[in-house]
>>> print(open('target27.pdb').read())   # PDB, C-alpha atoms
ATOM      1  CA  MET Y 289      25.398 -31.957 -75.696
ATOM      2  CA  PRO Y 290      24.234 -34.556 -73.154
ATOM      3  CA  ASP Y 291      20.993 -36.386 -73.675
ATOM      4  CA  ALA Y 292      18.030 -34.875 -71.762
ATOM      5  CA  ALA Y 293      17.351 -38.189 -70.027
ATOM      6  CA  GLU Y 294      20.901 -38.323 -68.626
ATOM      7  CA  SER Y 295      21.059 -34.889 -67.032
ATOM      8  CA  LYS Y 296      19.257 -33.760 -63.924
ATOM      9  CA  PRO Y 297      16.714 -30.962 -64.192
ATOM     10  CA  GLY Y 298      18.369 -27.622 -63.566
ATOM     11  CA  GLY Y 299      21.817 -29.174 -63.268
ATOM     12  CA  SER Y 300      24.785 -29.596 -65.514
ATOM     13  CA  PRO Y 301      27.125 -32.592 -65.781
ATOM     14  CA  THR Y 302      29.941 -30.607 -64.152
ATOM     15  CA  ASN Y 303      27.970 -30.144 -60.914
ATOM     16  CA  GLY Y 304      28.679 -33.748 -59.925
ATOM     17  CA  CYS Y 305      32.423 -33.130 -59.875
ATOM     18  CA  LEU Y 306      32.033 -29.853 -57.969
ATOM     19  CA  ASP Y 307      29.732 -31.548 -55.449
ATOM     20  CA  ARG Y 308      32.337 -34.239 -54.813
ATOM     21  CA  VAL Y 309      35.118 -31.695 -54.374
ATOM     22  CA  LEU Y 310      32.969 -29.681 -51.944
ATOM     23  CA  LEU Y 311      32.052 -32.850 -50.042
ATOM     24  CA  ILE Y 312      35.717 -33.784 -49.656
ATOM     25  CA  GLY Y 313      36.506 -30.213 -48.597
ATOM     26  CA  ALA Y 314      33.732 -30.263 -45.992
ATOM     27  CA  ALA Y 315      34.948 -33.614 -44.656
ATOM     28  CA  LEU Y 316      38.509 -32.313 -44.362
ATOM     29  CA  LEU Y 317      37.260 -29.174 -42.605
ATOM     30  CA  VAL Y 318      35.260 -31.232 -40.086
ATOM     31  CA  CYS Y 319      38.225 -33.512 -39.421
ATOM     32  CA  THR Y 320      40.592 -30.571 -39.017
ATOM     33  CA  MET Y 321      38.237 -28.799 -36.641
ATOM     34  CA  GLY Y 322      37.728 -31.966 -34.580
ATOM     35  CA  VAL Y 323      41.445 -32.658 -34.266
ATOM     36  CA  GLY Y 324      42.068 -28.968 -33.591
ATOM     37  CA  ALA Y 325      39.445 -28.879 -30.833
ATOM     38  CA  PHE Y 326      40.995 -31.846 -29.061
ATOM     39  CA  GLY Y 327      44.475 -30.366 -29.625
ATOM     40  CA  VAL Y 328      43.438 -27.081 -28.000
ATOM     41  CA  ALA Y 329      41.780 -29.023 -25.170
ATOM     42  CA  ASP Y 330      45.005 -30.961 -24.634
ATOM     43  CA  HIS Y 331      47.105 -27.802 -24.692
ATOM     44  CA  TYR Y 332      44.913 -26.067 -22.111
ATOM     45  CA  HIS Y 333      44.413 -29.274 -20.081
ATOM     46  CA  VAL Y 334      40.652 -29.445 -20.648
ATOM     47  CA  ASN Y 335      38.976 -32.799 -20.161
ATOM     48  CA  PRO Y 336      38.229 -34.276 -23.630
ATOM     49  CA  ALA Y 337      34.760 -35.213 -22.392
ATOM     50  CA  TRP Y 338      33.862 -31.502 -22.382
ATOM     51  CA  VAL Y 339      34.961 -31.208 -26.005
ATOM     52  CA  PHE Y 340      32.723 -34.172 -26.825
ATOM     53  CA  VAL Y 341      29.780 -32.576 -24.971
ATOM     54  CA  ALA Y 342      30.324 -29.309 -26.849
ATOM     55  CA  ALA Y 343      30.495 -31.117 -30.189
ATOM     56  CA  ASN Y 344      27.233 -32.960 -29.503
ATOM     57  CA  SER Y 345      25.585 -29.697 -28.522
ATOM     58  CA  ILE Y 346      26.838 -27.856 -31.597
ATOM     59  CA  VAL Y 347      25.633 -30.643 -33.912
ATOM     60  CA  MET Y 348      22.038 -29.772 -32.984
ATOM     61  CA  VAL Y 349      22.380 -26.116 -34.100
ATOM     62  CA  PRO Y 350      21.840 -26.749 -37.856
ATOM     63  CA  LEU Y 351      18.790 -28.843 -37.025
ATOM     64  CA  PHE Y 352      17.385 -26.056 -34.874
ATOM     65  CA  ILE Y 353      18.014 -23.445 -37.547
ATOM     66  CA  ARG Y 354      16.360 -25.566 -40.227
ATOM     67  CA  ASP Y 355      13.348 -26.669 -38.207
ATOM     68  CA  PHE Y 356      12.655 -23.571 -36.098
ATOM     69  CA  ARG Y 357      13.703 -20.707 -38.367
ATOM     70  CA  ALA Y 358      10.454 -18.782 -37.850
ATOM     71  CA  HIS Y 359      10.736 -18.918 -34.046
ATOM     72  CA  LEU Y 360      14.372 -17.821 -33.715
ATOM     73  CA  LYS Y 361      13.324 -14.166 -33.318
ATOM     74  CA  LYS Y 362      12.162 -14.810 -29.732
ATOM     75  CA  SER Y 363      15.044 -14.590 -27.267
ATOM     76  CA  SER Y 364      13.254 -16.894 -24.813
ATOM     77  CA  PHE Y 365      13.007 -19.586 -27.506
ATOM     78  CA  VAL Y 366      16.707 -19.205 -28.357
ATOM     79  CA  ALA Y 367      17.523 -19.574 -24.647
ATOM     80  CA  TYR Y 368      15.378 -22.725 -24.535
ATOM     81  CA  LEU Y 369      17.163 -24.174 -27.601
ATOM     82  CA  THR Y 370      20.541 -23.388 -26.041
ATOM     83  CA  ALA Y 371      19.588 -25.151 -22.827
ATOM     84  CA  TRP Y 372      18.189 -28.087 -24.794
ATOM     85  CA  ALA Y 373      21.417 -28.386 -26.820
ATOM     86  CA  VAL Y 374      23.549 -28.386 -23.654
ATOM     87  CA  ILE Y 375      21.293 -30.980 -22.010
ATOM     88  CA  HIS Y 376      21.483 -33.103 -25.177
ATOM     89  CA  GLY Y 377      25.289 -32.932 -25.200
ATOM     90  CA  LEU Y 378      25.505 -33.903 -21.527
ATOM     91  CA  LEU Y 379      23.000 -36.725 -21.988
ATOM     92  CA  VAL Y 380      24.888 -38.198 -24.942
ATOM     93  CA  ALA Y 381      28.203 -38.047 -23.078
ATOM     94  CA  THR Y 382      26.614 -39.625 -20.000
ATOM     95  CA  LEU Y 383      24.885 -42.370 -21.966
ATOM     96  CA  MET Y 384      28.067 -43.222 -23.857
ATOM     97  CA  ARG Y 385      29.750 -43.912 -20.554
ATOM     98  CA  TRP Y 386      27.339 -46.690 -19.566
ATOM     99  CA  PHE Y 387      25.446 -47.838 -22.665
ATOM    100  CA  SER Y 388      26.159 -49.082 -26.156
ATOM    101  CA  ILE Y 389      25.018 -47.071 -29.161
ATOM    102  CA  VAL Y 390      22.022 -49.360 -29.705
ATOM    103  CA  ALA Y 391      20.922 -49.031 -26.072
ATOM    104  CA  MET Y 392      21.183 -45.234 -26.299
ATOM    105  CA  ILE Y 393      18.580 -44.950 -29.068
ATOM    106  CA  PRO Y 394      15.478 -45.207 -26.830
ATOM    107  CA  PHE Y 395      16.894 -42.657 -24.373
ATOM    108  CA  LEU Y 396      17.706 -40.212 -27.154
ATOM    109  CA  ALA Y 397      14.280 -40.716 -28.741
ATOM    110  CA  ILE Y 398      12.624 -39.931 -25.412
ATOM    111  CA  GLU Y 399      14.840 -36.870 -24.855
ATOM    112  CA  LEU Y 400      14.258 -35.437 -28.329
ATOM    113  CA  THR Y 401      10.515 -36.107 -28.199
ATOM    114  CA  ALA Y 402      10.252 -34.528 -24.751
ATOM    115  CA  GLY Y 403      12.179 -31.494 -25.993
ATOM    116  CA  LEU Y 404       9.783 -31.039 -28.905
ATOM    117  CA  VAL Y 405       6.706 -31.496 -26.702
ATOM    118  CA  VAL Y 406       7.974 -28.933 -24.183
ATOM    119  CA  ALA Y 407       8.863 -26.503 -26.992
ATOM    120  CA  ASP Y 408       5.395 -26.905 -28.484
ATOM    121  CA  PHE Y 409       3.711 -26.474 -25.103
ATOM    122  CA  PHE Y 410       5.567 -23.273 -24.191
ATOM    123  CA  PHE Y 411       6.245 -21.736 -27.618
ATOM    124  CA  ASP Y 412       3.551 -23.214 -29.897
ATOM    125  CA  ILE Y 413       6.004 -24.328 -32.589
ATOM    126  CA  ARG Y 414       3.817 -26.596 -34.737
ATOM    127  CA  PRO Y 415       2.226 -25.103 -37.845
ATOM    128  CA  ASP Y 416      -1.583 -24.804 -37.788
ATOM    129  CA  LYS Y 417      -2.098 -27.579 -40.354
ATOM    130  CA  GLU Y 418      -0.333 -30.122 -38.101
ATOM    131  CA  LYS Y 419      -2.404 -29.262 -35.014
ATOM    132  CA  LYS Y 420      -5.639 -30.738 -36.387
TER     133      LYS Y 420
END
>>> encode(input="target27.pdb", output="structure tokens")
Amino acid sequence: MPDAAESKPGGSPTNGCLDRVLLIGAALLVCTMGVGAFGVADHYHVNPAWVFVAANSIVMVPLFIRDFRAHLKKSSFVAYLTAWAVIHGLLVATLMRWFSIVAMIPFLAIELTAGLVVADFFFDIRPDKEKK
């Protein structure tokens, strides 16, 4: 029996091994999907830049689901998030053409902040306790 100070609350020592296996599995899945997406794009003669734009847009979906779960019932808000994700993907692809990663940070901060401000203005997304 492990000492109480060594184990995490609510967890068992075997969870660490399972977490590592799942992490490796997730990494392999992401790599396979990325290579597969570019392989399909090559097969159908799609510009790889469009695959990159799509990947950058899709990356925002988990963030939207986590942060805006309560507002996803409104179809207008989902349409706004879709447009925002596409604009984000296009902006990242455009910025990568002319700027370094470090130079992109201010542009992305402005874009993400503007997206949140517009979402709050039109859809009132902030909880009441944050508005004061």
>>> resolve_selection(input="target27.pdb", expression="the PyMOL selection byres ((chain Y and resi 348) around 10)", output="ChimeraX atom specification")
/Y:343-347,349-353,369-370,372-374,376-377
>>> residues_around(input="target27.pdb", residues="Phe395 of chain Y", least_positions_apart="3", cutoff="12 Å", atoms="only C-alpha atoms", output="PDB file with C-alpha atoms, in the frame of the given file")
ATOM      1  CA  HIS Y 376      21.483 -33.103 -25.177  1.00  0.00           C
ATOM      2  CA  LEU Y 379      23.000 -36.725 -21.988  1.00  0.00           C
ATOM      3  CA  VAL Y 380      24.888 -38.198 -24.942  1.00  0.00           C
ATOM      4  CA  THR Y 382      26.614 -39.625 -20.000  1.00  0.00           C
ATOM      5  CA  LEU Y 383      24.885 -42.370 -21.966  1.00  0.00           C
ATOM      6  CA  MET Y 384      28.067 -43.222 -23.857  1.00  0.00           C
ATOM      7  CA  PHE Y 387      25.446 -47.838 -22.665  1.00  0.00           C
ATOM      8  CA  SER Y 388      26.159 -49.082 -26.156  1.00  0.00           C
ATOM      9  CA  ILE Y 389      25.018 -47.071 -29.161  1.00  0.00           C
ATOM     10  CA  VAL Y 390      22.022 -49.360 -29.705  1.00  0.00           C
ATOM     11  CA  ALA Y 391      20.922 -49.031 -26.072  1.00  0.00           C
ATOM     12  CA  MET Y 392      21.183 -45.234 -26.299  1.00  0.00           C
ATOM     13  CA  ILE Y 398      12.624 -39.931 -25.412  1.00  0.00           C
ATOM     14  CA  GLU Y 399      14.840 -36.870 -24.855  1.00  0.00           C
ATOM     15  CA  LEU Y 400      14.258 -35.437 -28.329  1.00  0.00           C
ATOM     16  CA  THR Y 401      10.515 -36.107 -28.199  1.00  0.00           C
ATOM     17  CA  ALA Y 402      10.252 -34.528 -24.751  1.00  0.00           C
TER      18      ALA Y 402
END
>>> atom_distance(input="target27.pdb", atom1="atom CA of His359 of chain Y", atom2="atom CA of Val406 of chain Y")
14.3 Å
